[in-house]
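Source file: coords.tsv. Holds: TSV, N, CA, C and O atoms.
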```
chain	number	residue	atom	x	y	z
A	903	MET	N	16.68	8.72	-3.85
A	903	MET	CA	17.06	7.56	-3.03
A	903	MET	C	15.88	7.16	-2.16
A	903	MET	O	15.27	7.99	-1.51
A	904	VAL	N	15.54	5.93	-2.19
A	904	VAL	CA	14.45	5.41	-1.38
A	904	VAL	C	14.96	5.19	0.04
A	904	VAL	O	16.03	4.64	0.25
A	905	GLY	N	14.18	5.61	1.03
A	905	GLY	CA	14.58	5.46	2.42
A	905	GLY	C	13.75	4.46	3.19
A	905	GLY	O	14.16	3.95	4.21
A	906	MET	N	12.54	4.15	2.71
A	906	MET	CA	11.62	3.28	3.43
A	906	MET	C	10.74	2.58	2.41
A	906	MET	O	10.30	3.18	1.44
A	907	ILE	N	10.48	1.29	2.64
A	907	ILE	CA	9.59	0.53	1.77
A	907	ILE	C	8.47	-0.06	2.62
A	907	ILE	O	8.73	-0.55	3.72
A	908	ASN	N	7.25	0.01	2.10
A	908	ASN	CA	6.09	-0.57	2.77
A	908	ASN	C	5.39	-1.50	1.79
A	908	ASN	O	5.23	-1.17	0.62
A	909	CYS	N	4.97	-2.66	2.27
A	909	CYS	CA	4.25	-3.63	1.45
A	909	CYS	C	3.00	-4.06	2.21
A	909	CYS	O	3.08	-4.43	3.38
A	910	MET	N	1.85	-3.99	1.54
A	910	MET	CA	0.57	-4.33	2.16
A	910	MET	C	-0.15	-5.34	1.27
A	910	MET	O	-0.60	-5.01	0.18
A	911	ARG	N	-0.21	-6.59	1.72
A	911	ARG	CA	-0.85	-7.68	0.96
A	911	ARG	C	-2.34	-7.72	1.30
A	911	ARG	O	-2.72	-7.55	2.46
A	912	PHE	N	-3.18	-7.99	0.27
A	912	PHE	CA	-4.62	-8.03	0.50
A	912	PHE	C	-5.28	-8.91	-0.55
A	912	PHE	O	-4.71	-9.20	-1.60
A	913	LYS	N	-6.50	-9.32	-0.24
A	913	LYS	CA	-7.28	-10.17	-1.15
A	913	LYS	C	-8.64	-9.49	-1.36
A	913	LYS	O	-9.44	-9.37	-0.43
A	914	PRO	N	-8.94	-9.06	-2.59
A	914	PRO	CA	-10.23	-8.43	-2.85
A	914	PRO	C	-11.38	-9.42	-2.63
A	914	PRO	O	-11.24	-10.62	-2.87
A	915	LYS	N	-12.51	-8.89	-2.20
A	915	LYS	CA	-13.73	-9.70	-2.11
A	915	LYS	C	-14.08	-10.16	-3.52
A	915	LYS	O	-13.76	-9.49	-4.52
A	916	GLU	N	-14.75	-11.29	-3.62
A	916	GLU	CA	-15.14	-11.82	-4.91
A	916	GLU	C	-15.96	-10.78	-5.69
A	916	GLU	O	-16.91	-10.21	-5.16
A	917	GLY	N	-15.56	-10.55	-6.92
A	917	GLY	CA	-16.26	-9.61	-7.79
A	917	GLY	C	-15.96	-8.14	-7.51
A	917	GLY	O	-16.57	-7.27	-8.13
A	918	GLN	N	-15.02	-7.84	-6.61
A	918	GLN	CA	-14.75	-6.45	-6.24
A	918	GLN	C	-13.41	-5.92	-6.72
A	918	GLN	O	-13.06	-4.78	-6.44
A	919	THR	N	-12.65	-6.73	-7.47
A	919	THR	CA	-11.31	-6.30	-7.88
A	919	THR	C	-11.35	-5.03	-8.73
A	919	THR	O	-10.62	-4.07	-8.45
A	920	GLU	N	-12.21	-5.00	-9.74
A	920	GLU	CA	-12.28	-3.81	-10.60
A	920	GLU	C	-12.74	-2.59	-9.82
A	920	GLU	O	-12.21	-1.50	-10.02
A	921	ALA	N	-13.70	-2.76	-8.93
A	921	ALA	CA	-14.17	-1.63	-8.11
A	921	ALA	C	-13.06	-1.13	-7.20
A	921	ALA	O	-12.91	0.08	-7.00
A	922	LEU	N	-12.27	-2.04	-6.66
A	922	LEU	CA	-11.16	-1.65	-5.80
A	922	LEU	C	-10.13	-0.84	-6.58
A	922	LEU	O	-9.68	0.20	-6.12
A	923	PHE	N	-9.78	-1.32	-7.79
A	923	PHE	CA	-8.80	-0.60	-8.60
A	923	PHE	C	-9.33	0.77	-9.03
A	923	PHE	O	-8.57	1.74	-9.08
A	924	LYS	N	-10.60	0.86	-9.32
A	924	LYS	CA	-11.20	2.16	-9.68
A	924	LYS	C	-11.14	3.10	-8.48
A	924	LYS	O	-10.75	4.27	-8.61
A	925	ALA	N	-11.49	2.60	-7.30
A	925	ALA	CA	-11.45	3.41	-6.09
A	925	ALA	C	-10.01	3.85	-5.79
A	925	ALA	O	-9.77	4.99	-5.38
A	926	PHE	N	-9.05	2.95	-6.00
A	926	PHE	CA	-7.65	3.30	-5.77
A	926	PHE	C	-7.21	4.39	-6.75
A	926	PHE	O	-6.55	5.36	-6.36
A	927	ALA	N	-7.57	4.25	-8.02
A	927	ALA	CA	-7.21	5.25	-9.03
A	927	ALA	C	-7.80	6.62	-8.67
A	927	ALA	O	-7.12	7.65	-8.80
A	928	GLU	N	-9.04	6.64	-8.21
A	928	GLU	CA	-9.67	7.90	-7.80
A	928	GLU	C	-8.99	8.48	-6.57
A	928	GLU	O	-8.79	9.70	-6.47
A	929	TYR	N	-8.60	7.61	-5.62
A	929	TYR	CA	-7.91	8.06	-4.42
A	929	TYR	C	-6.58	8.73	-4.80
A	929	TYR	O	-6.27	9.81	-4.33
A	930	VAL	N	-5.81	8.06	-5.66
A	930	VAL	CA	-4.51	8.60	-6.06
A	930	VAL	C	-4.68	9.92	-6.81
A	930	VAL	O	-3.89	10.85	-6.66
A	931	ARG	N	-5.74	10.01	-7.62
A	931	ARG	CA	-6.03	11.26	-8.33
A	931	ARG	C	-6.36	12.39	-7.35
A	931	ARG	O	-5.88	13.50	-7.48
A	932	ASP	N	-7.20	12.07	-6.36
A	932	ASP	CA	-7.69	13.10	-5.44
A	932	ASP	C	-6.73	13.39	-4.29
A	932	ASP	O	-6.74	14.50	-3.75
A	933	TYR	N	-5.92	12.42	-3.90
A	933	TYR	CA	-4.98	12.55	-2.78
A	933	TYR	C	-3.62	12.01	-3.22
A	933	TYR	O	-3.20	10.94	-2.77
A	934	PRO	N	-2.95	12.72	-4.12
A	934	PRO	CA	-1.71	12.19	-4.69
A	934	PRO	C	-0.64	11.94	-3.64
A	934	PRO	O	-0.61	12.58	-2.59
A	935	PHE	N	0.23	11.00	-3.97
A	935	PHE	CA	1.36	10.67	-3.11
A	935	PHE	C	2.58	11.50	-3.50
A	935	PHE	O	3.70	11.14	-3.17
A	936	ASP	N	2.37	12.59	-4.21
A	936	ASP	CA	3.46	13.42	-4.74
A	936	ASP	C	4.35	12.56	-5.61
A	936	ASP	O	3.86	11.85	-6.45
A	937	ASP	N	5.64	12.57	-5.38
A	937	ASP	CA	6.52	11.75	-6.23
A	937	ASP	C	6.93	10.46	-5.53
A	937	ASP	O	7.87	9.80	-5.94
A	938	ILE	N	6.20	10.07	-4.51
A	938	ILE	CA	6.45	8.81	-3.81
A	938	ILE	C	5.71	7.71	-4.57
A	938	ILE	O	4.52	7.79	-4.79
A	939	MET	N	6.44	6.68	-4.98
A	939	MET	CA	5.86	5.62	-5.81
A	939	MET	C	5.00	4.68	-4.98
A	939	MET	O	5.44	4.17	-3.95
A	940	HIS	N	3.77	4.49	-5.40
A	940	HIS	CA	2.85	3.50	-4.82
A	940	HIS	C	2.23	2.74	-5.99
A	940	HIS	O	1.61	3.35	-6.86
A	941	GLN	N	2.40	1.43	-6.01
A	941	GLN	CA	1.87	0.60	-7.09
A	941	GLN	C	1.29	-0.68	-6.51
A	941	GLN	O	1.75	-1.15	-5.46
A	942	ILE	N	0.31	-1.23	-7.20
A	942	ILE	CA	-0.27	-2.51	-6.82
A	942	ILE	C	0.27	-3.56	-7.77
A	942	ILE	O	0.26	-3.36	-8.99
A	943	ILE	N	0.73	-4.68	-7.20
A	943	ILE	CA	1.19	-5.79	-8.03
A	943	ILE	C	0.28	-6.99	-7.80
A	943	ILE	O	-0.25	-7.17	-6.71
A	944	ASP	N	0.12	-7.79	-8.85
A	944	ASP	CA	-0.69	-9.01	-8.81
A	944	ASP	C	0.22	-10.15	-8.37
A	944	ASP	O	1.22	-10.45	-9.03
A	945	LEU	N	-0.10	-10.80	-7.26
A	945	LEU	CA	0.72	-11.89	-6.75
A	945	LEU	C	0.39	-13.22	-7.42
A	945	LEU	O	1.04	-14.23	-7.16
A	946	GLY	N	-0.65	-13.23	-8.27
A	946	GLY	CA	-0.99	-14.43	-9.04
A	946	GLY	C	-1.70	-15.50	-8.24
A	946	GLY	O	-1.86	-16.62	-8.71
A	947	THR	N	-2.16	-15.16	-7.05
A	947	THR	CA	-2.82	-16.13	-6.17
A	947	THR	C	-4.21	-15.66	-5.75
A	947	THR	O	-4.78	-16.21	-4.82
A	948	GLY	N	-4.71	-14.63	-6.43
A	948	GLY	CA	-5.95	-13.99	-5.98
A	948	GLY	C	-5.67	-12.87	-5.00
A	948	GLY	O	-6.59	-12.19	-4.55
A	949	GLU	N	-4.41	-12.70	-4.67
A	949	GLU	CA	-3.99	-11.63	-3.77
A	949	GLU	C	-3.18	-10.60	-4.54
A	949	GLU	O	-2.63	-10.88	-5.60
A	950	PHE	N	-3.12	-9.41	-3.96
A	950	PHE	CA	-2.37	-8.31	-4.52
A	950	PHE	C	-1.53	-7.70	-3.41
A	950	PHE	O	-1.77	-7.97	-2.23
A	951	ALA	N	-0.58	-6.86	-3.79
A	951	ALA	CA	0.21	-6.15	-2.79
A	951	ALA	C	0.37	-4.71	-3.25
A	951	ALA	O	0.69	-4.43	-4.41
A	952	LEU	N	0.13	-3.80	-2.32
A	952	LEU	CA	0.38	-2.38	-2.53
A	952	LEU	C	1.76	-2.11	-1.97
A	952	LEU	O	2.03	-2.38	-0.80
A	953	ILE	N	2.65	-1.62	-2.83
A	953	ILE	CA	4.02	-1.35	-2.42
A	953	ILE	C	4.28	0.14	-2.54
A	953	ILE	O	3.99	0.76	-3.57
A	954	GLY	N	4.81	0.72	-1.48
A	954	GLY	CA	5.17	2.13	-1.46
A	954	GLY	C	6.66	2.30	-1.25
A	954	GLY	O	7.24	1.65	-0.37
A	955	LEU	N	7.28	3.13	-2.07
A	955	LEU	CA	8.70	3.45	-1.94
A	955	LEU	C	8.80	4.89	-1.48
A	955	LEU	O	8.47	5.81	-2.23
A	956	HIS	N	9.25	5.08	-0.28
A	956	HIS	CA	9.28	6.40	0.36
A	956	HIS	C	10.69	6.96	0.40
A	956	HIS	O	11.65	6.21	0.56
A	957	HIS	N	10.79	8.28	0.32
A	957	HIS	CA	12.09	8.95	0.35
A	957	HIS	C	12.74	8.86	1.72
A	957	HIS	O	13.95	8.88	1.84
A	958	SER	N	11.90	8.78	2.75
A	958	SER	CA	12.42	8.81	4.12
A	958	SER	C	11.37	8.22	5.06
A	958	SER	O	10.22	8.01	4.67
A	959	ILE	N	11.78	7.98	6.26
A	959	ILE	CA	10.83	7.52	7.28
A	959	ILE	C	9.76	8.60	7.50
A	959	ILE	O	8.59	8.29	7.69
A	960	ASP	N	10.18	9.86	7.44
A	960	ASP	CA	9.22	10.96	7.62
A	960	ASP	C	8.13	10.95	6.56
A	960	ASP	O	6.96	11.18	6.87
A	961	SER	N	8.48	10.69	5.30
A	961	SER	CA	7.44	10.67	4.26
A	961	SER	C	6.50	9.48	4.46
A	961	SER	O	5.30	9.59	4.20
A	962	PHE	N	7.03	8.36	4.95
A	962	PHE	CA	6.19	7.20	5.28
A	962	PHE	C	5.23	7.56	6.42
A	962	PHE	O	4.02	7.30	6.33
A	963	VAL	N	5.73	8.18	7.46
A	963	VAL	CA	4.90	8.55	8.61
A	963	VAL	C	3.83	9.56	8.19
A	963	VAL	O	2.68	9.46	8.61
A	964	ASP	N	4.19	10.51	7.32
A	964	ASP	CA	3.20	11.49	6.85
A	964	ASP	C	2.03	10.81	6.16
A	964	ASP	O	0.87	11.17	6.39
A	965	ILE	N	2.30	9.81	5.33
A	965	ILE	CA	1.22	9.10	4.64
A	965	ILE	C	0.41	8.26	5.64
A	965	ILE	O	-0.81	8.19	5.55
A	966	MET	N	1.08	7.64	6.59
A	966	MET	CA	0.38	6.84	7.60
A	966	MET	C	-0.53	7.71	8.48
A	966	MET	O	-1.54	7.23	8.99
A	967	ASN	N	-0.18	8.97	8.62
A	967	ASN	CA	-0.96	9.88	9.47
A	967	ASN	C	-2.02	10.67	8.72
A	967	ASN	O	-2.65	11.56	9.29
A	968	ARG	N	-2.23	10.37	7.45
A	968	ARG	CA	-3.27	11.07	6.70
A	968	ARG	C	-4.64	10.83	7.35
A	968	ARG	O	-4.91	9.74	7.87
A	969	ASP	N	-5.50	11.83	7.26
A	969	ASP	CA	-6.88	11.67	7.73
A	969	ASP	C	-7.65	10.67	6.87
A	969	ASP	O	-8.56	10.01	7.34
A	970	ASN	N	-7.29	10.57	5.61
A	970	ASN	CA	-7.98	9.70	4.65
A	970	ASN	C	-6.99	8.65	4.16
A	970	ASN	O	-6.53	8.70	3.03
A	971	ARG	N	-6.70	7.68	5.00
A	971	ARG	CA	-5.71	6.65	4.67
A	971	ARG	C	-6.23	5.73	3.56
A	971	ARG	O	-7.40	5.37	3.52
A	972	VAL	N	-5.32	5.35	2.67
A	972	VAL	CA	-5.68	4.49	1.54
A	972	VAL	C	-6.20	3.14	2.05
A	972	VAL	O	-7.13	2.57	1.46
A	973	SER	N	-5.67	2.63	3.13
A	973	SER	CA	-6.13	1.33	3.65
A	973	SER	C	-7.58	1.39	4.10
A	973	SER	O	-8.33	0.43	3.91
A	974	GLU	N	-8.00	2.49	4.65
A	974	GLU	CA	-9.40	2.62	5.08
A	974	GLU	C	-10.33	2.66	3.87
A	974	GLU	O	-11.41	2.08	3.89
A	975	MET	N	-9.90	3.33	2.81
A	975	MET	CA	-10.70	3.38	1.59
A	975	MET	C	-10.82	1.99	0.98
A	975	MET	O	-11.87	1.58	0.54
A	976	MET	N	-9.71	1.23	1.00
A	976	MET	CA	-9.69	-0.09	0.37
A	976	MET	C	-10.41	-1.16	1.19
A	976	MET	O	-10.88	-2.15	0.63
A	977	ARG	N	-10.51	-0.97	2.48
A	977	ARG	CA	-11.04	-2.00	3.39
A	977	ARG	C	-12.41	-2.53	2.97
A	977	ARG	O	-12.69	-3.72	3.11
A	978	VAL	N	-13.27	-1.70	2.42
A	978	VAL	CA	-14.62	-2.14	2.03
A	978	VAL	C	-14.60	-3.14	0.87
A	978	VAL	O	-15.56	-3.87	0.67
A	979	TYR	N	-13.48	-3.18	0.12
A	979	TYR	CA	-13.36	-4.07	-1.04
A	979	TYR	C	-12.56	-5.34	-0.73
A	979	TYR	O	-12.39	-6.18	-1.60
A	980	VAL	N	-12.06	-5.45	0.49
A	980	VAL	CA	-11.09	-6.49	0.83
A	980	VAL	C	-11.69	-7.54	1.76
A	980	VAL	O	-12.42	-7.22	2.71
A	981	GLU	N	-11.36	-8.79	1.47
A	981	GLU	CA	-11.78	-9.93	2.28
A	981	GLU	C	-10.80	-10.09	3.45
A	981	GLU	O	-9.60	-10.21	3.24
A	982	PRO	N	-11.29	-10.07	4.69
A	982	PRO	CA	-10.37	-10.27	5.82
A	982	PRO	C	-9.74	-11.66	5.78
A	982	PRO	O	-10.35	-12.63	5.33
A	983	TYR	N	-8.51	-11.73	6.25
A	983	TYR	CA	-7.81	-13.01	6.38
A	983	TYR	C	-8.36	-13.76	7.59
A	983	TYR	O	-9.16	-13.22	8.37
A	984	GLU	N	-7.95	-15.01	7.76
A	984	GLU	CA	-8.44	-15.84	8.86
A	984	GLU	C	-8.19	-15.23	10.23
A	984	GLU	O	-8.93	-15.49	11.18
A	985	ASP	N	-7.14	-14.41	10.35
A	985	ASP	CA	-6.82	-13.78	11.63
A	985	ASP	C	-7.66	-12.52	11.88
A	985	ASP	O	-7.48	-11.83	12.87
A	986	GLY	N	-8.58	-12.20	10.93
A	986	GLY	CA	-9.45	-11.04	11.09
A	986	GLY	C	-8.89	-9.76	10.52
A	986	GLY	O	-9.59	-8.75	10.43
A	987	GLU	N	-7.63	-9.78	10.13
A	987	GLU	CA	-6.99	-8.59	9.57
A	987	GLU	C	-7.31	-8.48	8.08
A	987	GLU	O	-7.32	-9.47	7.36
A	988	SER	N	-7.56	-7.25	7.62
A	988	SER	CA	-7.83	-7.02	6.20
A	988	SER	C	-6.55	-6.99	5.37
A	988	SER	O	-6.59	-7.27	4.17
A	989	PHE	N	-5.45	-6.65	6.00
A	989	PHE	CA	-4.17	-6.51	5.31
A	989	PHE	C	-3.07	-7.19	6.11
A	989	PHE	O	-3.09	-7.15	7.34
A	990	HIS	N	-2.13	-7.77	5.42
A	990	HIS	CA	-0.90	-8.24	6.05
A	990	HIS	C	0.20	-7.36	5.49
A	990	HIS	O	0.39	-7.29	4.27
A	991	SER	N	0.89	-6.66	6.36
A	991	SER	CA	1.86	-5.70	5.87
A	991	SER	C	3.16	-5.75	6.66
A	991	SER	O	3.22	-6.28	7.77
A	992	PHE	N	4.17	-5.21	6.03
A	992	PHE	CA	5.45	-5.02	6.68
A	992	PHE	C	6.13	-3.84	6.03
A	992	PHE	O	5.81	-3.45	4.91
A	993	SER	N	7.05	-3.24	6.75
A	993	SER	CA	7.78	-2.10	6.23
A	993	SER	C	9.11	-2.00	6.96
A	993	SER	O	9.30	-2.59	8.03
A	994	GLY	N	10.00	-1.25	6.36
A	994	GLY	CA	11.29	-1.05	6.99
A	994	GLY	C	12.18	-0.15	6.17
A	994	GLY	O	11.90	0.12	5.00
A	995	PRO	N	13.27	0.29	6.79
A	995	PRO	CA	14.22	1.15	6.08
A	995	PRO	C	15.00	0.36	5.05
A	995	PRO	O	15.25	-0.83	5.21
A	996	VAL	N	15.38	1.04	3.99
A	996	VAL	CA	16.16	0.44	2.92
A	996	VAL	C	17.60	0.26	3.41
A	996	VAL	O	18.16	1.15	4.05
A	997	VAL	N	18.19	-0.87	3.09
A	997	VAL	CA	19.60	-1.12	3.40
A	997	VAL	C	20.44	-0.48	2.31
A	997	VAL	O	20.20	-0.70	1.12
A	998	ASN	N	21.42	0.31	2.70
A	998	ASN	CA	22.33	0.93	1.74
A	998	ASN	C	23.48	-0.03	1.49
A	998	ASN	O	24.40	-0.15	2.29
A	999	TYR	N	23.44	-0.73	0.37
A	999	TYR	CA	24.45	-1.73	0.04
A	999	TYR	C	25.83	-1.12	-0.11
A	999	TYR	O	26.83	-1.79	0.09
A	1000	ASN	N	25.89	0.15	-0.50
A	1000	ASN	CA	27.19	0.81	-0.67
A	1000	ASN	C	27.98	0.86	0.64
A	1000	ASN	O	29.20	0.96	0.62
A	1001	ASP	N	27.29	0.79	1.76
A	1001	ASP	CA	27.97	0.76	3.06
A	1001	ASP	C	28.83	-0.49	3.21
A	1001	ASP	O	29.69	-0.55	4.09
A	1002	TYR	N	28.59	-1.48	2.37
A	1002	TYR	CA	29.28	-2.77	2.50
A	1002	TYR	C	30.38	-2.96	1.45
A	1002	TYR	O	30.99	-4.02	1.37
A	1003	LEU	N	30.63	-1.92	0.67
A	1003	LEU	CA	31.69	-2.02	-0.36
A	1003	LEU	C	32.99	-1.48	0.18
A	1003	LEU	O	33.08	-0.62	0.98
```
Take the structure in the file and write it out as structure tokens.
Amino acid sequence: MVGMINCMRFKPKEGQTEALFKAFAEYVRDYPFDDIMHQIIDLGTGEFALIGLHHSIDSFVDIMNRDNRVSEMMRVYVEPYEDGESFHSFSGPVVNYNDYL
């Protein structure tokens, strides 16, 4: 059961998409997320989103508190947005729809 979802939107610097994906693949190989799903999706606009499905808020916090955060590794490949931020993200707990039946 998923307890927390995180989404991080980003835009690779021109010509850096393949390097970013290679760096991400190496990061996941060297610092696995265990069985917590993290995938990058193509938004079709030159932007991508990294989505993480966490078992609990605690597993989300554990990843956020890593010494070697994935966002820091990716930052060198990412074009900052107009507001100066490299990533636009949001996260929150999963709604249990069964509570409404």
query: Just asking: which residues within chain A are strand (DSSP E) according to DSSP, as a ChimeraX atom specification?
result: /A:906-912,939-944,950-956,990-995
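Proximity to Phe935 in chain A was assessed for A:Leu955, A:Val972, A:Val963, A:Met906 counting only N, CA, C and O atoms; the smallest distance is recorded for A:Leu955.
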message: Which residue is closest to His990 in chain A? Choose from A:Ala951, A:Met975, A:Pro914, A:Leu945 and count all atoms listed in the file.
response: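 Looking only at the distances to His990 in chain A, the closest residue turns out to be A:Ala951.
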field: Residue with smallest distance to Phe989 in chain A - pool A:His940, A:Lys924, A:Arg911, A:Arg968, counting only C-alpha atoms
entry: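 Result for the nearest residue to Phe989 in chain A: A:Arg911.
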task: One decimal, Å: what's the distance from atom O of Ile907 in chain A over to atom O of Asn998 in chain A, could you say?
output: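 Atom O of Asn998 in chain A lies 15.7 Å from atom O of Ile907 in chain A.
Here atom C of Glu920 in chain A stands at a distance of 21.7 Å from CA of Ser991 in chain A.
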Just add all heavy atoms to range 988-997 of chain A and send it as a PDB file, in the coordinates of the input.
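The file below, out.pdb, is the result:
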```
ATOM      1  N   SER A 988      -7.560  -7.250   7.620  1.00  0.00           N
ATOM      2  CA  SER A 988      -7.830  -7.020   6.200  1.00  0.00           C
ATOM      3  C   SER A 988      -6.550  -6.990   5.370  1.00  0.00           C
ATOM      4  O   SER A 988      -6.590  -7.270   4.170  1.00  0.00           O
ATOM      5  CB  SER A 988      -8.575  -5.704   6.023  1.00  0.00           C
ATOM      6  OG  SER A 988      -9.829  -5.757   6.662  1.00  0.00           O
ATOM      7  N   PHE A 989      -5.450  -6.650   6.000  1.00  0.00           N
ATOM      8  CA  PHE A 989      -4.170  -6.510   5.310  1.00  0.00           C
ATOM      9  C   PHE A 989      -3.070  -7.190   6.110  1.00  0.00           C
ATOM     10  O   PHE A 989      -3.090  -7.150   7.340  1.00  0.00           O
ATOM     11  CB  PHE A 989      -3.808  -5.026   5.123  1.00  0.00           C
ATOM     12  CG  PHE A 989      -4.871  -4.231   4.431  1.00  0.00           C
ATOM     13  CD1 PHE A 989      -5.761  -3.465   5.169  1.00  0.00           C
ATOM     14  CD2 PHE A 989      -4.995  -4.252   3.058  1.00  0.00           C
ATOM     15  CE1 PHE A 989      -6.753  -2.733   4.548  1.00  0.00           C
ATOM     16  CE2 PHE A 989      -5.986  -3.524   2.422  1.00  0.00           C
ATOM     17  CZ  PHE A 989      -6.873  -2.762   3.162  1.00  0.00           C
ATOM     18  N   HIS A 990      -2.130  -7.770   5.420  1.00  0.00           N
ATOM     19  CA  HIS A 990      -0.900  -8.240   6.050  1.00  0.00           C
ATOM     20  C   HIS A 990       0.200  -7.360   5.490  1.00  0.00           C
ATOM     21  O   HIS A 990       0.390  -7.290   4.270  1.00  0.00           O
ATOM     22  CB  HIS A 990      -0.651  -9.711   5.725  1.00  0.00           C
ATOM     23  CG  HIS A 990      -1.573 -10.624   6.461  1.00  0.00           C
ATOM     24  ND1 HIS A 990      -1.729 -11.944   6.114  1.00  0.00           N
ATOM     25  CD2 HIS A 990      -2.376 -10.427   7.536  1.00  0.00           C
ATOM     26  CE1 HIS A 990      -2.583 -12.519   6.948  1.00  0.00           C
ATOM     27  NE2 HIS A 990      -2.996 -11.612   7.806  1.00  0.00           N
ATOM     28  N   SER A 991       0.890  -6.660   6.360  1.00  0.00           N
ATOM     29  CA  SER A 991       1.860  -5.700   5.870  1.00  0.00           C
ATOM     30  C   SER A 991       3.160  -5.750   6.660  1.00  0.00           C
ATOM     31  O   SER A 991       3.220  -6.280   7.770  1.00  0.00           O
ATOM     32  CB  SER A 991       1.278  -4.290   5.908  1.00  0.00           C
ATOM     33  OG  SER A 991       0.983  -3.914   7.225  1.00  0.00           O
ATOM     34  N   PHE A 992       4.170  -5.210   6.030  1.00  0.00           N
ATOM     35  CA  PHE A 992       5.450  -5.020   6.680  1.00  0.00           C
ATOM     36  C   PHE A 992       6.130  -3.840   6.030  1.00  0.00           C
ATOM     37  O   PHE A 992       5.810  -3.450   4.910  1.00  0.00           O
ATOM     38  CB  PHE A 992       6.331  -6.283   6.591  1.00  0.00           C
ATOM     39  CG  PHE A 992       6.639  -6.732   5.201  1.00  0.00           C
ATOM     40  CD1 PHE A 992       7.778  -6.302   4.549  1.00  0.00           C
ATOM     41  CD2 PHE A 992       5.781  -7.590   4.533  1.00  0.00           C
ATOM     42  CE1 PHE A 992       8.068  -6.716   3.254  1.00  0.00           C
ATOM     43  CE2 PHE A 992       6.062  -8.025   3.245  1.00  0.00           C
ATOM     44  CZ  PHE A 992       7.200  -7.589   2.608  1.00  0.00           C
ATOM     45  N   SER A 993       7.050  -3.240   6.750  1.00  0.00           N
ATOM     46  CA  SER A 993       7.780  -2.100   6.230  1.00  0.00           C
ATOM     47  C   SER A 993       9.110  -2.000   6.960  1.00  0.00           C
ATOM     48  O   SER A 993       9.300  -2.590   8.030  1.00  0.00           O
ATOM     49  CB  SER A 993       6.973  -0.814   6.418  1.00  0.00           C
ATOM     50  OG  SER A 993       6.676  -0.619   7.780  1.00  0.00           O
ATOM     51  N   GLY A 994      10.000  -1.250   6.360  1.00  0.00           N
ATOM     52  CA  GLY A 994      11.290  -1.050   6.990  1.00  0.00           C
ATOM     53  C   GLY A 994      12.180  -0.150   6.170  1.00  0.00           C
ATOM     54  O   GLY A 994      11.900   0.120   5.000  1.00  0.00           O
ATOM     55  N   PRO A 995      13.270   0.290   6.790  1.00  0.00           N
ATOM     56  CA  PRO A 995      14.220   1.150   6.080  1.00  0.00           C
ATOM     57  C   PRO A 995      15.000   0.360   5.050  1.00  0.00           C
ATOM     58  O   PRO A 995      15.250  -0.830   5.210  1.00  0.00           O
ATOM     59  CB  PRO A 995      15.126   1.675   7.189  1.00  0.00           C
ATOM     60  CG  PRO A 995      15.007   0.682   8.287  1.00  0.00           C
ATOM     61  CD  PRO A 995      13.636   0.077   8.178  1.00  0.00           C
ATOM     62  N   VAL A 996      15.380   1.040   3.990  1.00  0.00           N
ATOM     63  CA  VAL A 996      16.160   0.440   2.920  1.00  0.00           C
ATOM     64  C   VAL A 996      17.600   0.260   3.410  1.00  0.00           C
ATOM     65  O   VAL A 996      18.160   1.150   4.050  1.00  0.00           O
ATOM     66  CB  VAL A 996      16.120   1.327   1.663  1.00  0.00           C
ATOM     67  CG1 VAL A 996      17.068   0.840   0.595  1.00  0.00           C
ATOM     68  CG2 VAL A 996      14.703   1.399   1.140  1.00  0.00           C
ATOM     69  N   VAL A 997      18.190  -0.870   3.090  1.00  0.00           N
ATOM     70  CA  VAL A 997      19.600  -1.120   3.400  1.00  0.00           C
ATOM     71  C   VAL A 997      20.440  -0.480   2.310  1.00  0.00           C
ATOM     72  O   VAL A 997      20.200  -0.700   1.120  1.00  0.00           O
ATOM     73  CB  VAL A 997      19.882  -2.642   3.482  1.00  0.00           C
ATOM     74  CG1 VAL A 997      21.363  -2.903   3.644  1.00  0.00           C
ATOM     75  CG2 VAL A 997      19.080  -3.268   4.608  1.00  0.00           C
TER      76      VAL A 997
END
```
